[in-house]
$ cat upload.txt   # compact mmCIF, C-alpha atoms
# COMPACT_ATOMS: atom_id res chain seq x y z
CA MET A 23 -10.37 53.45 24.71
CA THR A 24 -12.60 55.87 26.59
CA GLN A 25 -12.76 55.63 30.35
CA LYS A 26 -16.49 54.84 30.20
CA ARG A 27 -15.92 51.85 27.89
CA ARG A 28 -13.01 50.71 30.01
CA ILE A 29 -15.15 50.66 33.16
CA ILE A 30 -18.05 48.86 31.48
CA ILE A 31 -15.77 46.19 29.98
CA THR A 32 -14.05 45.78 33.35
CA ILE A 33 -17.39 45.27 35.10
CA LEU A 34 -18.52 42.75 32.46
CA ALA A 35 -15.19 40.90 32.67
CA ILE A 36 -15.49 40.70 36.46
CA ILE A 37 -19.02 39.30 36.06
CA GLY A 38 -17.56 36.79 33.60
CA LEU A 39 -14.86 35.86 36.10
CA ILE A 40 -17.43 35.27 38.84
CA LEU A 41 -19.43 33.04 36.49
CA THR A 42 -16.36 31.06 35.39
CA PHE A 43 -15.24 30.57 39.01
CA ASP A 44 -18.68 29.09 39.63
CA LEU A 45 -18.33 26.91 36.52
CA ILE A 46 -14.93 25.69 37.68
CA TYR A 47 -16.45 24.76 41.05
CA ILE A 48 -19.32 22.95 39.30
CA TYR A 49 -16.83 21.15 37.10
CA MET A 50 -14.62 20.12 40.03
CA LYS A 51 -17.62 18.92 42.01
CA ALA A 52 -19.02 16.92 39.09
CA ASN A 53 -15.71 15.30 38.13
CA PHE A 54 -13.55 15.11 41.25
CA LEU A 55 -15.73 15.50 44.36
CA SER A 56 -18.29 12.74 44.75
CA GLY A 57 -21.14 12.73 47.24
CA LEU A 58 -21.80 16.47 47.22
CA PRO A 59 -25.30 17.88 46.57
CA LYS A 60 -26.26 18.84 43.03
CA SER A 61 -25.45 22.33 41.84
CA PHE A 62 -28.19 24.97 42.00
CA CYS A 63 -28.30 24.94 38.19
CA SER A 64 -28.94 21.19 37.96
CA VAL A 65 -32.72 21.44 37.98
CA ASN A 66 -33.84 18.53 35.82
CA GLY A 67 -32.72 16.25 33.00
CA PHE A 68 -32.44 19.17 30.56
CA ILE A 69 -31.22 22.04 32.74
CA ASP A 70 -28.25 20.22 34.22
CA CYS A 71 -24.93 22.01 34.71
CA ASP A 72 -23.40 18.98 36.45
CA GLY A 73 -24.37 16.71 33.57
CA VAL A 74 -22.87 19.05 30.97
CA ALA A 75 -19.64 19.29 32.99
CA GLN A 76 -19.20 15.52 32.75
CA THR A 77 -19.47 15.26 28.96
CA GLU A 78 -16.59 15.30 26.49
CA LYS A 79 -17.97 18.59 25.10
CA ALA A 80 -16.95 20.31 28.35
CA PHE A 81 -13.28 20.14 27.34
CA PHE A 82 -11.01 21.50 24.64
CA LEU A 83 -7.49 20.11 24.24
CA GLY A 84 -7.85 18.34 27.57
CA VAL A 85 -8.64 21.57 29.43
CA PRO A 86 -12.13 22.33 30.81
CA LEU A 87 -13.94 25.11 28.97
CA ALA A 88 -14.45 26.82 32.33
CA ILE A 89 -10.69 27.33 32.61
CA TRP A 90 -10.56 28.65 29.03
CA GLY A 91 -13.28 31.10 30.08
CA LEU A 92 -11.21 32.18 33.08
CA ILE A 93 -8.25 32.88 30.78
CA LEU A 94 -10.54 34.80 28.39
CA TYR A 95 -11.87 37.19 31.06
CA LEU A 96 -8.42 37.76 32.52
CA LEU A 97 -7.30 38.65 28.98
CA PHE A 98 -10.20 41.10 28.65
CA LEU A 99 -9.18 42.75 31.94
CA PHE A 100 -5.56 42.96 30.85
CA LEU A 101 -6.42 44.47 27.46
CA SER A 102 -8.77 46.96 29.09
CA TRP A 103 -5.98 48.40 31.20
CA VAL A 104 -2.81 47.61 29.24
CA ASP A 105 -2.33 51.19 28.04
CA VAL A 106 -2.74 52.54 31.58
CA ILE A 107 -0.35 49.91 32.97
CA ASN A 108 2.22 50.65 30.25
CA LYS A 109 2.22 54.35 31.05
CA LYS A 110 3.20 53.57 34.63
CA ILE A 111 5.79 50.81 34.08
CA ASN A 112 6.84 51.57 30.47
CA PHE A 113 7.37 47.90 29.57
CA LYS A 114 8.58 47.73 25.97
CA LEU A 115 6.73 44.50 25.18
CA PHE A 116 3.41 46.18 25.95
CA ASN A 117 3.97 48.62 23.08
CA VAL A 118 2.74 45.94 20.65
CA PHE A 119 -0.78 46.42 22.02
CA LYS A 120 -1.61 49.42 19.82
CA ASN A 121 -5.37 48.89 19.57
CA PRO A 122 -6.56 47.03 22.70
CA SER A 123 -10.16 48.03 22.15
CA SER A 124 -10.09 46.32 18.73
CA TYR A 125 -8.58 43.18 20.23
CA ILE A 126 -11.34 43.01 22.84
CA ALA A 127 -14.01 43.48 20.17
CA ALA A 128 -12.52 40.85 17.84
CA ILE A 129 -11.86 38.31 20.59
CA GLY A 130 -15.29 38.96 22.11
CA LEU A 131 -16.98 38.41 18.75
CA PHE A 132 -14.98 35.24 18.11
CA SER A 133 -15.75 33.88 21.58
CA PHE A 134 -19.46 34.64 21.11
CA ILE A 135 -19.50 32.73 17.81
CA ILE A 136 -17.87 29.79 19.57
CA SER A 137 -20.39 30.19 22.37
CA MET A 138 -23.30 29.91 19.94
CA SER A 139 -21.74 26.73 18.53
CA LEU A 140 -21.47 25.33 22.05
CA ALA A 141 -25.09 26.31 22.72
CA TYR A 142 -26.19 24.40 19.62
CA ILE A 143 -24.16 21.33 20.65
CA SER A 144 -25.55 21.54 24.17
CA ILE A 145 -29.17 21.63 23.00
CA SER A 146 -29.06 19.27 20.02
CA VAL A 147 -26.24 16.83 20.85
CA ILE A 148 -25.87 16.64 24.63
CA ASN A 149 -29.58 17.39 25.22
CA LYS A 150 -28.60 19.25 28.37
CA ILE A 151 -27.92 22.92 28.98
CA CYS A 152 -25.87 24.80 31.52
CA ILE A 153 -27.56 28.10 32.35
CA VAL A 154 -24.36 29.51 33.86
CA CYS A 155 -22.55 28.75 30.59
CA PHE A 156 -25.31 30.53 28.65
CA ALA A 157 -24.87 33.56 30.88
CA THR A 158 -21.18 33.77 29.93
CA TYR A 159 -22.11 33.59 26.24
CA PHE A 160 -24.03 36.83 26.52
CA VAL A 161 -21.33 38.45 28.64
CA ASN A 162 -18.96 37.75 25.74
CA LEU A 163 -21.36 39.43 23.30
CA PHE A 164 -21.85 42.50 25.50
CA ILE A 165 -18.08 42.90 25.89
CA ALA A 166 -17.62 42.70 22.13
CA LEU A 167 -20.40 45.22 21.45
CA CYS A 168 -19.03 47.58 24.08
CA ALA A 169 -15.53 47.52 22.54
CA VAL A 170 -16.48 47.65 18.85
CA LYS A 171 -15.41 50.76 16.97
CA LYS A 172 -17.09 50.97 13.59
CA ASN A 173 -17.97 49.02 10.44
CA PHE A 174 -19.43 46.28 12.61
CA PHE A 175 -16.16 44.67 13.71
CA ILE A 176 -14.43 44.87 10.29
CA THR A 177 -11.97 47.53 11.47
CA ASP A 178 -11.42 45.71 14.76
CA ILE A 179 -10.68 42.39 13.10
CA LYS A 180 -8.33 44.10 10.63
CA ASN A 181 -6.45 45.91 13.43
CA THR A 182 -6.17 42.71 15.45
CA VAL A 183 -4.75 40.65 12.58
CA LEU A 184 -2.30 43.32 11.43
CA ASP A 185 -1.07 44.10 14.95
CA PHE A 186 -0.66 40.40 15.68
CA ILE A 187 1.47 39.90 12.57
CA ALA A 188 3.54 42.96 13.42
CA GLY A 189 4.03 41.77 17.00
CA VAL A 190 5.12 38.30 15.87
CA LYS A 191 7.67 39.84 13.50
CA GLU A 192 9.06 42.06 16.21
CA TYR A 193 9.24 39.34 18.87
CA THR A 194 9.60 36.21 16.75
CA THR A 195 11.82 34.34 19.20
CA LEU A 196 9.60 35.10 22.18
CA PHE A 197 6.51 34.12 20.19
CA LEU A 198 8.07 30.79 19.15
CA ILE A 199 9.08 30.00 22.74
CA ALA A 200 5.57 30.80 23.97
CA ALA A 201 4.01 28.75 21.15
CA VAL A 202 6.21 25.73 21.83
CA ALA A 203 5.49 25.96 25.56
CA ALA A 204 1.75 26.21 24.92
CA VAL A 205 1.80 23.23 22.54
CA GLY A 206 3.79 21.23 25.10
CA VAL A 207 1.48 22.03 28.00
CA LEU A 208 -1.71 21.46 26.00
CA GLY A 209 -0.26 18.29 24.52
CA TYR A 210 0.36 16.97 28.02
CA PHE A 211 -3.20 17.77 29.12
CA GLN A 212 -4.61 16.20 25.97
CA ARG A 213 -2.59 12.99 26.37
CA SER A 214 -2.89 12.59 30.13
CA LEU A 215 -6.48 13.90 30.43
CA ILE A 216 -5.52 14.75 34.00
CA LEU A 217 -8.11 17.55 34.00
CA ALA A 218 -10.72 15.44 32.23
CA PRO A 219 -11.26 12.31 34.37
CA SER A 220 -14.66 11.46 32.91
CA ILE A 221 -13.22 11.53 29.38
CA LYS A 222 -10.20 9.52 30.49
CA ILE A 223 -12.53 6.85 31.88
CA GLN A 224 -14.70 6.90 28.78
CA LYS A 225 -11.76 6.57 26.39
CA SER A 226 -10.23 3.77 28.44
CA ILE A 227 -13.47 1.78 28.27
CA GLU A 228 -14.06 2.60 24.61
CA GLU A 229 -10.63 1.21 23.73
CA PHE A 230 -11.84 -2.24 24.78
CA GLN A 231 -15.40 -1.81 23.53
CA LYS A 232 -14.08 -1.35 20.00
CA MET A 233 -12.30 -4.72 20.08
CA LYS A 234 -14.40 -7.21 18.13
CA THR A 235 -12.58 -10.16 19.67
CA ASN A 236 -10.41 -10.72 22.73
CA PRO A 237 -6.79 -10.44 21.50
CA TYR A 238 -5.50 -11.71 24.85
CA THR A 239 -7.58 -14.92 24.95
CA VAL A 240 -6.20 -17.70 27.15
CA ASN A 241 -7.16 -21.28 26.29
CA ALA A 242 -7.05 -22.91 29.71
CA ASN A 243 -9.04 -23.42 32.88
CA ASN A 244 -6.94 -20.91 34.83
CA LEU A 245 -6.45 -17.22 34.07
CA GLY A 246 -3.30 -15.73 35.51
CA ASN A 247 -1.02 -17.00 38.23
CA VAL A 248 -2.94 -19.09 40.79
CA ASP A 249 0.02 -18.60 43.14
CA GLY A 250 -0.01 -14.83 42.63
CA ASP A 251 -0.34 -12.27 45.39
CA VAL A 252 -3.59 -10.70 44.11
CA SER A 253 -6.82 -12.59 43.41
CA ILE A 254 -9.68 -11.03 41.46
CA PHE A 255 -13.16 -12.55 41.49
CA VAL A 256 -15.34 -11.32 38.65
CA TYR A 257 -19.08 -11.93 38.70
CA GLY A 258 -20.34 -11.88 35.15
CA ASP A 259 -23.27 -12.46 32.83
CA PHE A 260 -22.51 -13.51 29.26
CA MET A 261 -25.22 -11.25 27.84
CA CYS A 262 -23.91 -8.20 29.67
CA PRO A 263 -21.96 -6.01 27.18
CA PHE A 264 -19.78 -4.50 29.91
CA CYS A 265 -18.90 -7.98 31.15
CA ARG A 266 -17.43 -8.63 27.71
CA VAL A 267 -15.31 -5.48 28.06
CA MET A 268 -14.21 -6.46 31.57
CA ASN A 269 -13.25 -9.92 30.31
CA ILE A 270 -10.83 -8.41 27.77
CA MET A 271 -9.40 -6.06 30.42
CA LEU A 272 -8.76 -8.92 32.84
CA HIS A 273 -7.03 -10.98 30.15
CA LYS A 274 -4.79 -8.03 29.34
CA LEU A 275 -4.11 -7.49 33.04
CA VAL A 276 -2.85 -11.03 33.67
CA LYS A 277 -0.69 -10.77 30.57
CA GLU A 278 0.97 -7.63 31.89
CA ASP A 279 1.01 -8.55 35.60
CA LYS A 280 2.28 -12.04 36.41
CA GLY A 281 1.19 -11.80 40.04
CA VAL A 282 -2.56 -11.70 39.42
CA ALA A 283 -5.08 -14.56 39.29
CA VAL A 284 -8.63 -14.10 37.97
CA TYR A 285 -11.57 -16.29 38.98
CA HIS A 286 -14.83 -16.08 37.03
CA VAL A 287 -18.09 -16.58 38.91
CA ASN A 288 -21.20 -16.96 36.76
CA PHE A 289 -24.07 -14.77 37.88
CA PRO A 290 -26.61 -14.79 35.01
CA LEU A 291 -29.35 -12.19 35.28
CA ASP A 292 -31.76 -14.78 33.99
CA GLU A 293 -34.77 -16.04 35.93
CA ALA A 294 -34.14 -19.54 34.59
CA CYS A 295 -31.33 -20.08 37.14
CA ASN A 296 -31.18 -16.95 39.29
CA PRO A 297 -33.97 -16.70 41.89
CA THR A 298 -33.25 -13.01 42.54
CA VAL A 299 -34.27 -12.11 38.98
CA THR A 300 -38.03 -11.51 38.79
CA LYS A 301 -38.30 -10.04 35.29
CA ARG A 302 -36.72 -10.69 31.90
CA ILE A 303 -33.29 -9.07 31.85
CA HIS A 304 -30.89 -11.41 30.07
CA PRO A 305 -32.90 -14.46 29.03
CA GLY A 306 -30.65 -17.23 27.76
CA SER A 307 -27.63 -16.31 29.84
CA CYS A 308 -28.09 -19.37 32.07
CA ILE A 309 -27.51 -21.83 29.23
CA LEU A 310 -24.45 -19.85 28.13
CA ALA A 311 -23.03 -20.15 31.64
CA LYS A 312 -23.67 -23.90 31.62
CA TYR A 313 -21.73 -24.35 28.38
CA ALA A 314 -18.82 -22.31 29.73
CA LEU A 315 -18.73 -24.48 32.85
CA ALA A 316 -18.99 -27.61 30.71
CA ALA A 317 -15.91 -26.51 28.75
CA ARG A 318 -13.97 -26.75 32.01
CA ASN A 319 -14.30 -30.54 31.75
CA GLN A 320 -12.22 -30.34 28.58
CA GLY A 321 -9.63 -27.95 30.02
CA ASN A 322 -10.67 -24.78 28.21
CA TYR A 323 -13.02 -22.76 30.39
CA TRP A 324 -11.52 -19.36 29.57
CA GLY A 325 -11.34 -20.09 25.85
CA MET A 326 -15.07 -20.77 25.94
CA VAL A 327 -15.70 -17.67 28.03
CA SER A 328 -14.02 -15.44 25.45
CA GLY A 329 -15.64 -17.35 22.59
CA ILE A 330 -19.12 -16.72 23.99
CA TYR A 331 -18.42 -13.07 24.72
CA ASN A 332 -16.94 -12.57 21.25
CA ASN A 333 -19.83 -14.15 19.35
CA LEU A 334 -22.86 -14.02 21.69
CA PRO A 335 -24.48 -17.16 20.24
CA ARG A 336 -28.24 -17.15 19.69
CA ASP A 337 -28.83 -20.86 20.19
CA GLU A 338 -27.10 -24.07 21.24
CA LYS A 339 -26.06 -24.86 17.69
CA GLU A 340 -23.98 -21.68 17.59
CA ILE A 341 -22.59 -22.42 21.06
CA LEU A 342 -21.43 -25.85 19.92
CA HIS A 343 -19.84 -24.27 16.85
CA ILE A 344 -17.83 -21.98 19.14
CA GLY A 345 -16.70 -25.03 21.09
CA GLU A 346 -15.60 -26.78 17.91
CA ASN A 347 -13.57 -23.74 16.87
CA ILE A 348 -11.54 -23.88 20.09
CA GLY A 349 -11.01 -27.63 19.81
CA LEU A 350 -13.73 -29.00 22.09
CA ASP A 351 -15.64 -32.25 21.56
CA SER A 352 -19.20 -31.13 20.69
CA ASP A 353 -20.95 -34.28 21.90
CA LYS A 354 -19.23 -34.18 25.28
CA LEU A 355 -19.78 -30.42 25.55
CA PHE A 356 -23.52 -30.80 24.92
CA LYS A 357 -23.85 -33.73 27.33
CA ASP A 358 -21.93 -32.00 30.12
CA ALA A 359 -23.82 -28.70 29.69
CA HIS A 360 -27.11 -30.54 30.35
CA SER A 361 -25.82 -32.65 33.22
CA ASP A 362 -26.92 -32.45 36.84
CA THR A 363 -23.31 -31.80 37.81
CA ILE A 364 -23.15 -28.57 35.79
CA ASP A 365 -26.61 -27.55 37.03
CA LYS A 366 -25.36 -27.88 40.60
CA TYR A 367 -22.10 -26.10 39.77
CA LEU A 368 -23.98 -23.12 38.31
CA GLU A 369 -26.44 -23.10 41.22
CA ASP A 370 -23.54 -22.90 43.67
CA GLN A 371 -22.03 -19.97 41.78
CA VAL A 372 -25.34 -18.12 41.62
CA TYR A 373 -25.92 -18.53 45.37
CA ARG A 374 -22.36 -17.46 46.01
CA GLY A 375 -23.21 -14.21 44.23
CA ILE A 376 -26.43 -13.88 46.21
CA ASN A 377 -24.54 -14.34 49.47
CA GLU A 378 -22.02 -11.70 48.34
CA LYS A 379 -25.02 -9.40 47.68
CA ILE A 380 -24.16 -9.06 43.99
CA PHE A 381 -26.81 -6.96 42.27
CA ALA A 382 -25.13 -5.99 39.00
CA THR A 383 -22.62 -7.30 36.51
CA PRO A 384 -19.77 -6.98 36.11
CA THR A 385 -18.81 -6.85 39.78
CA ILE A 386 -15.24 -7.57 40.79
CA ILE A 387 -14.12 -8.37 44.30
CA ILE A 388 -10.54 -7.85 45.47
CA ASP A 389 -9.67 -8.51 49.12
CA ASN A 390 -13.39 -8.82 49.89
CA ILE A 391 -13.97 -5.30 48.56
CA PRO A 392 -16.67 -5.22 45.83
CA HIS A 393 -16.57 -2.85 42.87
CA ALA A 394 -19.92 -2.93 41.14
CA GLU A 395 -19.26 -0.57 38.26
CA MET A 396 -17.60 -0.61 34.88
CA LEU A 397 -14.00 0.19 35.70
CA PRO A 398 -11.55 1.71 33.25
CA TYR A 399 -8.37 -0.27 32.74
CA PHE A 400 -6.14 2.19 34.61
CA LYS A 401 -8.49 1.98 37.61
CA LEU A 402 -8.32 -1.81 37.52
CA LYS A 403 -4.54 -1.65 37.68
CA GLU A 404 -4.77 0.87 40.51
CA LEU A 405 -6.96 -1.53 42.52
CA VAL A 406 -4.33 -4.25 42.11
CA LYS A 407 -1.67 -1.82 43.32
CA GLN A 408 -3.79 -0.89 46.34
CA SER A 409 -4.27 -4.58 47.16
CA ARG A 410 -0.51 -5.11 47.24
CA GLN A 411 -0.10 -2.08 49.48
CA ARG A 412 -2.64 -3.51 51.92
CA HIS A 413 -0.82 -6.85 51.96
CA ARG A 414 2.50 -5.14 52.74
CA GLN A 415 0.94 -3.23 55.64
CA LYS A 416 -0.29 -6.41 57.33
$ encode --input "upload.txt" --output "structure tokens"
Amino acid sequence: MTQKRRIIITILAIIGLILTFDLIYIYMKANFLSGLPKSFCSVNGFIDCDGVAQTEKAFFLGVPLAIWGLILYLLFLFLSWVDVINKKINFKLFNVFKNPSSYIAAIGLFSFIISMSLAYISISVINKICIVCFATYFVNLFIALCAVKKNFFITDIKNTVLDFIAGVKEYTTLFLIAAVAAVGVLGYFQRSLILAPSIKIQKSIEEFQKMKTNPYTVNANNLGNVDGDVSIFVYGDFMCPFCRVMNIMLHKLVKEDKGVAVYHVNFPLDEACNPTVTKRIHPGSCILAKYALAARNQGNYWGMVSGIYNNLPRDEKEILHIGENIGLDSDKLFKDAHSDTIDKYLEDQVYRGINEKIFATPTIIIDNIPHAEMLPYFKLKELVKQSRQRHRQK
């Protein structure tokens, strides 16, 4: 490699490093540091680096693409100077790098092809672009073009493949150890998603969204241990899809943790029974709440709750059919659902939510601390753990 090419590639790699450091900061801010101002490259709904950093396309094998970019530019720097370094330290392993310029060209070309695929996904799938990411795409191309020898990368790709095979043959044991270590580390990141919190949350919620029915259904008026040390109050609306997901999570939680009790408070976002609702949001959710409360008179409130969430009945005939399927008396269920007692019961629950300043469903309250967002299951368990820690500190 000529000195001129070496210097140019070094400068481009340093530029790439600066850009990837910025991308790592953007990624950390978007996924781990809440409350900070938007990044300079989050201009609108389309040009939005922060938004891109929070999507599942921002990761590969559980590792953010920004970190892969950091590794790439460090590799370019190493390959640019490996022959110079080897002359000074004479490290035998470095002798396998016979054609570093070819490796840079081949890797640069490959990374640019991947970059163009990511650009397509960003524009057509995510519908957001990261201008800093796009800048690195062209840095990759310039590095490849600067390092290319002849025959438009054919020679470089050939040299890279042949030298790689030769190096693996010469250092088979070392290569296998490195490969196993890499698979182990990447496998851990992929399973734990420790570097991909937004994807971890998404996958946790999706696990329950995909359930067509509640496999943990309890047919009783109580959910969990009423004498437990942690009480969870969930404010829900039967027509809220995330309330259905939360219902399954809470059933699973009380099955796994015998010290938790769950109390359901109906808060329909329906103007028919909720005076805070001024426009049509979930029409019909009031009557669903009344039937759930009516099922309590027959000892199966939670069975009815899960039955409604599972089937989302369109009319009272379908609601009564759900009641029949869980062993309720249809005539009594209908009569109770339209009684003044149930009307008053629902009114009390709605005003309880109003007094608690509930504005969205599902909202859960633990130790008087509200959580008005769709929580992943692992976060729900963490909140229970935190509640116990608070109790011990009192």
$ atom_distance --input "upload.txt" --atom1 "CA of Ser133 (chain A)" --atom2 "CA of Ile31 (chain A)"
14.9 Å
$ atom_distance --input "upload.txt" --atom1 "CA of Val284 (chain A)" --atom2 "CA of Asn247 (chain A)"
8.1 Å
$ closest_residue --input "upload.txt" --among "A:Asp351, A:Phe264, A:Tyr373, A:Ala359" --to "Thr298 (chain A)" --atoms "only C-alpha atoms"
A:Tyr373
$ residues_around --input "upload.txt" --residues "Leu184 (chain A)" --least-positions-apart "6" --cutoff "12 Å" --atoms "all atoms listed in the file" --output "list in words"
Val118, Phe119, Lys120, Asn121, Ser124, Tyr125, Thr177, Asp178, Val190 and Lys191 of chain A
$ write_last_selection --input "upload.txt" --atoms "C-alpha atoms" --output "JSON list (two decimals), keeping the file's coordinate frame"
[["chain", "number", "residue", "atom", "x", "y", "z"],
["A", 118, "VAL", "CA", 2.74, 45.94, 20.65],
["A", 119, "PHE", "CA", -0.78, 46.42, 22.02],
["A", 120, "LYS", "CA", -1.61, 49.42, 19.82],
["A", 121, "ASN", "CA", -5.37, 48.89, 19.57],
["A", 124, "SER", "CA", -10.09, 46.32, 18.73],
["A", 125, "TYR", "CA", -8.58, 43.18, 20.23],
["A", 177, "THR", "CA", -11.97, 47.53, 11.47],
["A", 178, "ASP", "CA", -11.42, 45.71, 14.76],
["A", 190, "VAL", "CA", 5.12, 38.30, 15.87],
["A", 191, "LYS", "CA", 7.67, 39.84, 13.50]]
$ closest_residue --input "upload.txt" --among "A:Ile143, A:Leu350, A:Ile29, A:Val282" --to "Ile254 (chain A)" --atoms "all atoms listed in the file"
A:Val282
$ closest_residue --input "upload.txt" --among "A:Gly189, A:Thr195, A:Val207, A:Ala75" --to "Ile148 (chain A)" --atoms "all atoms listed in the file"
A:Ala75
$ closest_residue --input "upload.txt" --among "A:Asp44, A:Asp105, A:Glu395, A:Asp72" --to "Val256 (chain A)" --atoms "only C-alpha atoms"
A:Glu395
$ residues_around --input "upload.txt" --residues "Leu291 (chain A)" --least-positions-apart "5" --cutoff "10 Å" --atoms "only C-alpha atoms" --output "list in words"
Gly258, Asp259, Phe260, Met261, Cys262, Asn296, Pro297, Thr298, Val299, Thr300, Lys301, Arg302, Ile303, His304, Pro305, Gly306, Ser307, Cys308, Val372, Phe381, Ala382 and Thr383 of chain A
$ write_last_selection --input "upload.txt" --atoms "C-alpha atoms" --output "mmCIF file, in the frame of the given file"
data_model
loop_
_atom_site.group_PDB
_atom_site.id
_atom_site.type_symbol
_atom_site.label_atom_id
_atom_site.label_comp_id
_atom_site.auth_asym_id
_atom_site.auth_seq_id
_atom_site.Cartn_x
_atom_site.Cartn_y
_atom_site.Cartn_z
ATOM 1 C CA GLY A 258 -20.340 -11.880 35.150
ATOM 2 C CA ASP A 259 -23.270 -12.460 32.830
ATOM 3 C CA PHE A 260 -22.510 -13.510 29.260
ATOM 4 C CA MET A 261 -25.220 -11.250 27.840
ATOM 5 C CA CYS A 262 -23.910 -8.200 29.670
ATOM 6 C CA ASN A 296 -31.180 -16.950 39.290
ATOM 7 C CA PRO A 297 -33.970 -16.700 41.890
ATOM 8 C CA THR A 298 -33.250 -13.010 42.540
ATOM 9 C CA VAL A 299 -34.270 -12.110 38.980
ATOM 10 C CA THR A 300 -38.030 -11.510 38.790
ATOM 11 C CA LYS A 301 -38.300 -10.040 35.290
ATOM 12 C CA ARG A 302 -36.720 -10.690 31.900
ATOM 13 C CA ILE A 303 -33.290 -9.070 31.850
ATOM 14 C CA HIS A 304 -30.890 -11.410 30.070
ATOM 15 C CA PRO A 305 -32.900 -14.460 29.030
ATOM 16 C CA GLY A 306 -30.650 -17.230 27.760
ATOM 17 C CA SER A 307 -27.630 -16.310 29.840
ATOM 18 C CA CYS A 308 -28.090 -19.370 32.070
ATOM 19 C CA VAL A 372 -25.340 -18.120 41.620
ATOM 20 C CA PHE A 381 -26.810 -6.960 42.270
ATOM 21 C CA ALA A 382 -25.130 -5.990 39.000
ATOM 22 C CA THR A 383 -22.620 -7.300 36.510
#
$ residues_around --input "upload.txt" --residues "Gly91 (chain A)" --least-positions-apart "4" --cutoff "8 Å" --atoms "only C-alpha atoms" --output "MDAnalysis selection string"
chainID A and resid 38:39 42 87 95
$ atom_distance --input "upload.txt" --atom1 "CA of Asn181 (chain A)" --atom2 "CA of Leu101 (chain A)"
14.1 Å
$ residues_around --input "upload.txt" --residues "Asn241 (chain A)" --least-positions-apart "2" --cutoff "7 Å" --atoms "all atoms listed in the file" --output "list in words"
Thr239, Asn322, Trp324 and Gly325 of chain A
$ residues_near_point --input "upload.txt" --point "(-23.1, -13.5, 41.7)" --cutoff "7 Å" --atoms "all atoms listed in the file" --output "list of chain:residue names"
A:Tyr257, A:Val287, A:Asn288, A:Phe289, A:Gln371, A:Val372, A:Tyr373, A:Arg374, A:Gly375, A:Ile376, A:Glu378, A:Ile380
